[in-house]
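Participant: Got a structure for you, query-v3.txt, holding compact mmCIF, C-alpha atoms.
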# COMPACT_ATOMS: atom_id res chain seq x y z
CA MET A 1 0.00 0.00 0.00
CA ARG A 2 2.76 2.46 0.95
CA ASN A 3 4.71 1.61 -2.21
CA ALA A 4 1.61 2.42 -4.26
CA LEU A 5 1.28 5.76 -2.46
CA LEU A 6 4.92 6.60 -3.13
CA GLU A 7 4.50 5.63 -6.79
CA ALA A 8 1.42 7.84 -7.08
CA LEU A 9 3.21 10.83 -5.54
CA ASP A 10 6.32 10.19 -7.61
CA SER A 11 4.35 9.98 -10.85
CA THR A 12 2.31 13.07 -10.01
CA VAL A 13 5.33 15.23 -9.22
CA ARG A 14 7.21 13.95 -12.26
CA SER A 15 4.35 14.98 -14.56
CA MET A 16 4.22 18.43 -12.93
CA VAL A 17 7.92 19.35 -12.92
CA SER A 18 9.82 17.22 -15.42
CA GLY A 19 12.42 19.38 -17.19
CA LYS A 20 11.20 22.62 -15.57
CA ASP A 21 12.69 25.20 -13.24
CA VAL A 22 10.47 25.06 -10.18
CA ALA A 23 10.04 26.68 -6.78
CA VAL A 24 8.87 24.82 -3.69
CA ALA A 25 7.08 26.64 -0.87
CA PHE A 26 9.18 25.09 1.87
CA SER A 27 8.39 25.05 5.60
CA GLY A 28 11.01 22.50 6.57
CA GLY A 29 8.27 20.07 7.59
CA LEU A 30 6.95 16.73 6.37
CA ASP A 31 4.59 17.90 3.62
CA SER A 32 6.96 20.20 1.75
CA GLY A 33 9.97 18.00 2.53
CA VAL A 34 8.51 15.06 0.62
CA ILE A 35 7.52 17.30 -2.30
CA ALA A 36 10.99 18.87 -2.45
CA THR A 37 12.66 15.45 -2.47
CA LEU A 38 10.51 14.28 -5.37
CA CYS A 39 11.04 17.52 -7.30
CA LYS A 40 14.79 17.01 -7.05
CA ARG A 41 14.40 13.78 -9.03
CA TYR A 42 12.75 15.32 -12.07
CA ALA A 43 12.95 19.12 -12.28
CA ARG A 44 15.70 20.83 -14.22
CA CYS A 45 16.32 23.16 -11.30
CA VAL A 46 14.65 23.37 -7.87
CA LYS A 47 14.82 26.17 -5.33
CA LEU A 48 13.29 25.94 -1.88
CA TYR A 49 11.75 29.17 -0.59
CA THR A 50 10.96 29.76 3.06
CA VAL A 51 9.05 32.84 4.19
CA GLY A 52 9.43 33.92 7.78
CA VAL A 53 10.80 36.26 10.39
CA GLU A 54 14.56 36.04 10.82
CA GLY A 55 15.46 33.34 13.33
CA SER A 56 11.95 31.84 13.50
CA TYR A 57 11.39 28.11 13.92
CA ASP A 58 10.35 27.47 10.31
CA VAL A 59 13.33 29.41 8.98
CA ARG A 60 15.82 27.50 11.13
CA GLU A 61 14.27 24.10 10.39
CA SER A 62 14.02 24.81 6.67
CA GLU A 63 17.63 25.85 6.36
CA GLU A 64 18.79 22.71 8.19
CA LEU A 65 16.62 20.36 6.16
CA ALA A 66 17.68 22.00 2.88
CA LYS A 67 21.29 21.22 3.82
CA VAL A 68 20.40 17.60 4.53
CA LEU A 69 18.59 17.33 1.19
CA ASP A 70 21.47 19.14 -0.53
CA MET A 71 19.11 21.60 -2.22
CA GLU A 72 19.30 25.32 -2.87
CA TRP A 73 17.43 27.27 -0.21
CA VAL A 74 16.29 30.90 -0.19
CA HIS A 75 14.94 32.77 2.82
CA ILE A 76 12.36 35.46 2.06
CA PRO A 77 12.21 37.60 5.21
CA ILE A 78 9.05 39.10 6.68
CA ASP A 79 9.08 42.50 8.34
CA GLU A 80 6.27 44.77 9.44
CA HIS A 81 6.40 47.10 6.44
CA SER A 82 6.44 44.36 3.80
CA LEU A 83 3.75 42.41 5.65
CA ILE A 84 1.33 45.35 5.57
CA ASP A 85 1.99 45.78 1.85
CA CYS A 86 1.54 42.04 1.29
CA LEU A 87 -1.85 41.98 3.02
CA SER A 88 -3.04 45.09 1.21
CA ASP A 89 -2.04 43.67 -2.17
CA MET A 90 -3.56 40.28 -1.41
CA ILE A 91 -6.92 41.81 -0.47
CA SER A 92 -6.86 43.93 -3.61
CA ILE A 93 -6.01 40.97 -5.87
CA THR A 94 -8.31 38.33 -4.39
CA GLY A 95 -11.09 40.22 -2.63
CA THR A 96 -10.51 37.98 0.41
CA VAL A 97 -11.09 39.67 3.77
CA ASP A 98 -11.19 36.60 6.04
CA PRO A 99 -8.24 37.18 8.40
CA ILE A 100 -7.61 33.44 8.83
CA VAL A 101 -7.33 32.80 5.10
CA LEU A 102 -5.15 35.88 4.68
CA SER A 103 -2.82 34.85 7.48
CA PHE A 104 -2.25 31.35 6.09
CA GLU A 105 -1.70 32.65 2.57
CA VAL A 106 0.93 35.26 3.46
CA PRO A 107 3.90 32.97 2.69
CA LEU A 108 2.57 32.02 -0.74
CA MET A 109 1.89 35.68 -1.56
CA TYR A 110 5.49 36.57 -0.72
CA ILE A 111 6.75 33.73 -2.91
CA LEU A 112 4.52 34.52 -5.88
CA SER A 113 5.52 38.17 -5.84
CA ARG A 114 9.26 37.51 -5.64
CA VAL A 115 10.37 34.31 -7.38
CA GLU A 116 11.54 33.98 -10.98
CA GLU A 117 10.17 30.46 -11.45
CA ASP A 118 6.78 30.18 -13.14
CA THR A 119 5.85 26.90 -11.43
CA ILE A 120 5.47 26.71 -7.66
CA LEU A 121 4.70 23.49 -5.80
CA THR A 122 3.18 23.47 -2.32
CA GLY A 123 2.19 20.95 0.32
CA GLN A 124 -1.36 22.27 0.28
CA GLY A 125 -3.98 19.62 1.01
CA ALA A 126 -1.77 17.20 2.94
CA ASP A 127 -3.55 17.90 6.23
CA GLU A 128 -6.94 17.22 4.68
CA VAL A 129 -5.86 14.16 2.67
CA PHE A 130 -3.84 12.54 5.48
CA LEU A 131 -5.94 13.85 8.40
CA GLY A 132 -3.09 15.90 9.80
CA TYR A 133 -4.99 18.61 11.67
CA SER A 134 -4.98 18.53 15.46
CA LYS A 135 -8.74 19.06 15.43
CA TYR A 136 -9.15 15.54 14.04
CA VAL A 137 -7.59 13.98 17.15
CA GLY A 138 -10.28 12.17 19.12
CA LEU A 139 -12.93 12.36 16.39
CA THR A 140 -14.48 9.15 15.10
CA GLY A 141 -17.23 7.97 12.78
CA ASP A 142 -19.68 10.53 11.46
CA ASP A 143 -18.07 13.40 13.38
CA LEU A 144 -14.72 12.79 11.70
CA GLU A 145 -16.22 12.35 8.24
CA ARG A 146 -18.28 15.52 8.65
CA GLN A 147 -15.27 17.60 9.73
CA VAL A 148 -13.07 16.29 6.93
CA SER A 149 -15.84 16.96 4.38
CA GLU A 150 -16.25 20.53 5.63
CA ASP A 151 -12.50 21.11 5.41
CA PHE A 152 -12.31 19.81 1.84
CA ASP A 153 -15.25 22.02 0.86
CA LYS A 154 -13.47 25.09 2.24
CA LEU A 155 -10.18 24.06 0.67
CA PHE A 156 -11.63 23.92 -2.83
CA SER A 157 -14.27 26.65 -2.60
CA VAL A 158 -12.21 29.26 -0.70
CA THR A 159 -8.52 28.49 -0.28
CA ARG A 160 -7.70 27.19 -3.77
CA VAL A 161 -9.82 29.91 -5.39
CA HIS A 162 -7.81 32.48 -3.42
CA GLU A 163 -4.48 30.88 -4.39
CA CYS A 164 -5.39 30.65 -8.06
CA ALA A 165 -6.36 34.32 -8.12
CA MET A 166 -2.95 35.24 -6.68
CA ALA A 167 -1.13 32.96 -9.10
CA ASP A 168 -3.02 34.34 -12.10
CA HIS A 169 -2.16 37.89 -11.06
CA PHE A 170 1.56 37.13 -11.11
CA GLY A 171 1.44 34.88 -14.17
CA LYS A 172 2.43 31.82 -12.14
CA THR A 173 1.10 28.30 -11.67
CA VAL A 174 0.64 26.84 -8.19
CA LEU A 175 0.51 23.05 -8.13
CA CYS A 176 -0.57 20.84 -5.21
CA PRO A 177 0.51 17.21 -5.65
CA TYR A 178 -1.38 15.99 -2.58
CA LEU A 179 -4.65 17.07 -4.18
CA ASP A 180 -4.02 15.13 -7.38
CA ALA A 181 -6.75 12.57 -8.09
CA THR A 182 -4.24 9.71 -8.39
CA VAL A 183 -2.76 10.48 -4.99
CA ARG A 184 -6.12 10.88 -3.31
CA SER A 185 -7.29 7.61 -4.84
CA GLN A 186 -4.36 5.77 -3.27
CA VAL A 187 -4.94 7.38 0.10
CA SER A 188 -8.61 6.37 -0.03
CA LYS A 189 -7.47 2.72 -0.07
CA ILE A 190 -5.77 3.10 3.31
CA PRO A 191 -8.04 2.04 6.19
CA LEU A 192 -9.40 5.11 7.94
CA MET A 193 -8.12 3.99 11.32
CA GLU A 194 -4.57 4.07 9.93
CA LEU A 195 -5.07 7.73 9.03
CA VAL A 196 -6.72 8.92 12.23
CA PRO A 197 -4.11 10.99 14.10
CA SER A 198 -3.06 10.62 17.71
CA GLN A 199 -1.73 13.29 20.02
CA ASP A 200 1.81 12.13 19.26
CA VAL A 201 1.87 11.10 15.59
CA ARG A 202 0.02 12.36 12.53
CA LYS A 203 0.14 11.56 8.81
CA VAL A 204 1.75 8.17 9.35
CA PRO A 205 1.49 7.04 5.68
CA LEU A 206 3.28 10.19 4.55
CA ARG A 207 5.97 9.68 7.17
CA GLU A 208 6.46 6.19 5.76
CA VAL A 209 6.85 7.69 2.28
CA ALA A 210 9.61 9.96 3.60
CA ILE A 211 11.38 6.93 5.06
CA ALA A 212 11.00 5.03 1.78
CA LEU A 213 12.59 8.02 -0.01
CA GLY A 214 15.62 7.58 2.24
CA HIS A 215 14.97 10.69 4.31
CA PRO A 216 13.48 9.73 7.68
CA GLU A 217 14.74 13.07 9.03
CA ILE A 218 11.96 14.79 7.05
Could the structure of this file be written out as structure tokens, please?

Facilitator:
Amino acid sequence: MRNALLEALDSTVRSMVSGKDVAVAFSGGLDSGVIATLCKRYARCVKLYTVGVEGSYDVRESEELAKVLDMEWVHIPIDEHSLIDCLSDMISITGTVDPIVLSFEVPLMYILSRVEEDTILTGQGADEVFLGYSKYVGLTGDDLERQVSEDFDKLFSVTRVHECAMADHFGKTVLCPYLDATVRSQVSKIPLMELVPSQDVRKVPLREVAIALGHPEI
């Protein structure tokens, strides 16, 4: 089962990036770490971009993991002035005023407005597909299915619409391998109880993919 999931992710990323110069929105975590590793196999050139305040956790972790993966890493710093401009531009471009959506989309907005690459890959959707959110811990049965369904509805009707509007504005393409139909089909074959997160461990199948790729440190 895990080999089939790895093959699905591998095939999906290959079709998205083969022979291209690509950017990866990189947090230094599991989701973007797996995507970066697969991009390295097939893209002509890959750069990892991390958006964050100097010295923040994500910035430190991303720089360290990029070294382990032996990939080019770029830090895009956030400061108060540029953040205000980013939010103002994002509202103007997308019409979004929901502060939660805006806050989560800040890093992608910084990347889209600054990178040379036309193709950007993200780990978007991994938490919905692999049940990675902390709010899923302790949910079972209908309650879990209802919450996951609501999150997918918001992802496609709000978040992805917002991201596509930003990408179109900058003439870029944002791709989300975890949302590919082939990948989701493979995940759907994994028994639900193997996906349900605990307080200690989440997204176990994706962690196993990282190990199979030879990078358990991801």

Participant: Which residues come within 9 Å of Asp21 (chain A), counting all atoms listed in the file, excluding same-chain residues fewer than 3 positions away, as an MDAnalysis selection string?

Facilitator: chainID A and resid 17:18 43:47 117:119

Participant: Build an axis-aligned box that encloses every atom of region 35-51 of chain A listed in the file, pad it by 8 Å on each side, and report its centre and edge lengths in Å to one decimal, as AutoDock Vina command-line options.

Facilitator:
--center_x 11.9 --center_y 23.3 --center_z -5.0 --size_x 24.8 --size_y 35.1 --size_z 34.4

Participant: To one decimal in Å, tell me the separation between CA of Ser92 (chain A) and CA of Ile111 (chain A).

Facilitator: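 Going from CA of Ser92 (chain A) over to CA of Ile111 (chain A), I get 17.0 Å.
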
Participant: With all atoms listed in the file as the counted atoms, please give the residues lying no more than 9 Å from Met90 (chain A), apart from itself and same-chain residues fewer than 2 positions off, as a list in words.

Facilitator: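 So, after excluding close chain neighbours, the residues are Asp85, Cys86, Leu87, Ser88, Ser92, Ile93, Thr94, Gly95, Thr96, Leu102, Glu105, Val106, Met109 and Met166 of chain A.
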
Participant: So, with all atoms listed in the file as the atoms that count, which of A:Asn3, A:Ser185, A:Ser82, A:Ser157 lies closest to Pro205 (chain A)?

Facilitator: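 That would be A:Asn3, the residue with the smallest distance to Pro205 (chain A).
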
Participant: Write out as CSV a residue-level contact list of region 99-168 of chain A versus region 37-42 of chain A with cut-off 12 Å: for each qualifying residue the closest pair of atoms and the distance in Å to one decimal, counting all atoms listed in the file, rows sorted by chain and residue number upward.

Facilitator:
residue,atom,partner,partner_atom,distance
A:Thr119,CA,A:Cys39,CA,11.5
A:Ile120,CA,A:Cys39,CA,10.8
A:Leu121,CA,A:Cys39,CA,8.8
A:Thr122,CA,A:Cys39,CA,11.0

Participant: Taking (-15.4, 14.9, 9.3) in the file's coordinates, which residues come within 10 Å, counting only C-alpha atoms, written as a list in words?

Facilitator: Glu128, Leu131, Lys135, Tyr136, Leu139, Thr140, Gly141, Asp142, Asp143, Leu144, Glu145, Arg146, Gln147, Val148, Ser149, Glu150, Asp151 and Phe152 of chain A

Participant: With a distance cut-off of 9 Å and only C-alpha atoms, select the neighbouring residues of Gly138 (chain A), excluding the residue or stretch itself and same-chain residues fewer than 4 positions from it, and output the selection as a VMD selection string.

Facilitator: chain A and resid 144 196 to 199

Participant: How many Å lie between CA of Met71 (chain A) and CA of Glu163 (chain A), rounded to one decimal?

Facilitator: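 Distance between the two atoms: 25.4 Å.
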
Participant: Please complete region 109-126 of chain A so it has N, CA, C and O atoms, and hand it over as an mmCIF file, keeping the file's coordinate frame.

Facilitator:
data_model
loop_
_atom_site.group_PDB
_atom_site.id
_atom_site.type_symbol
_atom_site.label_atom_id
_atom_site.label_comp_id
_atom_site.auth_asym_id
_atom_site.auth_seq_id
_atom_site.Cartn_x
_atom_site.Cartn_y
_atom_site.Cartn_z
ATOM 1 N N MET A 109 1.919 34.358 -0.931
ATOM 2 C CA MET A 109 1.890 35.680 -1.560
ATOM 3 C C MET A 109 3.302 36.244 -1.696
ATOM 4 O O MET A 109 3.677 36.787 -2.741
ATOM 5 N N TYR A 110 4.103 36.115 -0.649
ATOM 6 C CA TYR A 110 5.490 36.570 -0.720
ATOM 7 C C TYR A 110 6.236 35.833 -1.834
ATOM 8 O O TYR A 110 6.988 36.435 -2.607
ATOM 9 N N ILE A 111 6.044 34.526 -1.897
ATOM 10 C CA ILE A 111 6.750 33.730 -2.910
ATOM 11 C C ILE A 111 6.319 34.131 -4.311
ATOM 12 O O ILE A 111 7.157 34.386 -5.188
ATOM 13 N N LEU A 112 5.023 34.188 -4.550
ATOM 14 C CA LEU A 112 4.520 34.520 -5.880
ATOM 15 C C LEU A 112 5.011 35.878 -6.361
ATOM 16 O O LEU A 112 5.273 36.073 -7.556
ATOM 17 N N SER A 113 5.142 36.805 -5.441
ATOM 18 C CA SER A 113 5.520 38.170 -5.840
ATOM 19 C C SER A 113 7.027 38.352 -6.005
ATOM 20 O O SER A 113 7.459 39.390 -6.487
ATOM 21 N N ARG A 114 7.811 37.315 -5.647
ATOM 22 C CA ARG A 114 9.260 37.510 -5.640
ATOM 23 C C ARG A 114 10.074 36.514 -6.463
ATOM 24 O O ARG A 114 11.189 36.822 -6.864
ATOM 25 N N VAL A 115 9.539 35.324 -6.729
ATOM 26 C CA VAL A 115 10.370 34.310 -7.380
ATOM 27 C C VAL A 115 10.361 34.455 -8.894
ATOM 28 O O VAL A 115 9.411 34.972 -9.477
ATOM 29 N N GLU A 116 11.437 33.968 -9.527
ATOM 30 C CA GLU A 116 11.540 33.980 -10.980
ATOM 31 C C GLU A 116 10.817 32.792 -11.604
ATOM 32 O O GLU A 116 10.330 32.878 -12.740
ATOM 33 N N GLU A 117 10.775 31.679 -10.897
ATOM 34 C CA GLU A 117 10.170 30.460 -11.450
ATOM 35 C C GLU A 117 8.680 30.669 -11.713
ATOM 36 O O GLU A 117 7.987 31.322 -10.941
ATOM 37 N N ASP A 118 8.194 30.075 -12.805
ATOM 38 C CA ASP A 118 6.780 30.180 -13.140
ATOM 39 C C ASP A 118 5.928 29.106 -12.478
ATOM 40 O O ASP A 118 4.703 29.240 -12.386
ATOM 41 N N THR A 119 6.567 28.028 -12.023
ATOM 42 C CA THR A 119 5.850 26.900 -11.430
ATOM 43 C C THR A 119 6.237 26.774 -9.964
ATOM 44 O O THR A 119 7.422 26.647 -9.640
ATOM 45 N N ILE A 120 5.239 26.821 -9.107
ATOM 46 C CA ILE A 120 5.470 26.710 -7.660
ATOM 47 C C ILE A 120 4.688 25.511 -7.143
ATOM 48 O O ILE A 120 3.484 25.385 -7.408
ATOM 49 N N LEU A 121 5.360 24.630 -6.421
ATOM 50 C CA LEU A 121 4.700 23.490 -5.800
ATOM 51 C C LEU A 121 4.558 23.745 -4.302
ATOM 52 O O LEU A 121 5.457 24.317 -3.676
ATOM 53 N N THR A 122 3.433 23.301 -3.751
ATOM 54 C CA THR A 122 3.180 23.470 -2.320
ATOM 55 C C THR A 122 2.710 22.155 -1.714
ATOM 56 O O THR A 122 2.324 21.225 -2.424
ATOM 57 N N GLY A 123 2.706 22.112 -0.396
ATOM 58 C CA GLY A 123 2.190 20.950 0.320
ATOM 59 C C GLY A 123 0.720 21.085 0.662
ATOM 60 O O GLY A 123 0.201 20.323 1.487
ATOM 61 N N GLN A 124 0.053 22.025 0.007
ATOM 62 C CA GLN A 124 -1.360 22.270 0.280
ATOM 63 C C GLN A 124 -2.174 20.977 0.140
ATOM 64 O O GLN A 124 -1.993 20.211 -0.803
ATOM 65 N N GLY A 125 -3.070 20.762 1.072
ATOM 66 C CA GLY A 125 -3.980 19.620 1.010
ATOM 67 C C GLY A 125 -3.526 18.417 1.803
ATOM 68 O O GLY A 125 -4.326 17.510 2.049
ATOM 69 N N ALA A 126 -2.267 18.373 2.221
ATOM 70 C CA ALA A 126 -1.770 17.200 2.940
ATOM 71 C C ALA A 126 -2.528 16.974 4.247
ATOM 72 O O ALA A 126 -2.807 15.829 4.633
#
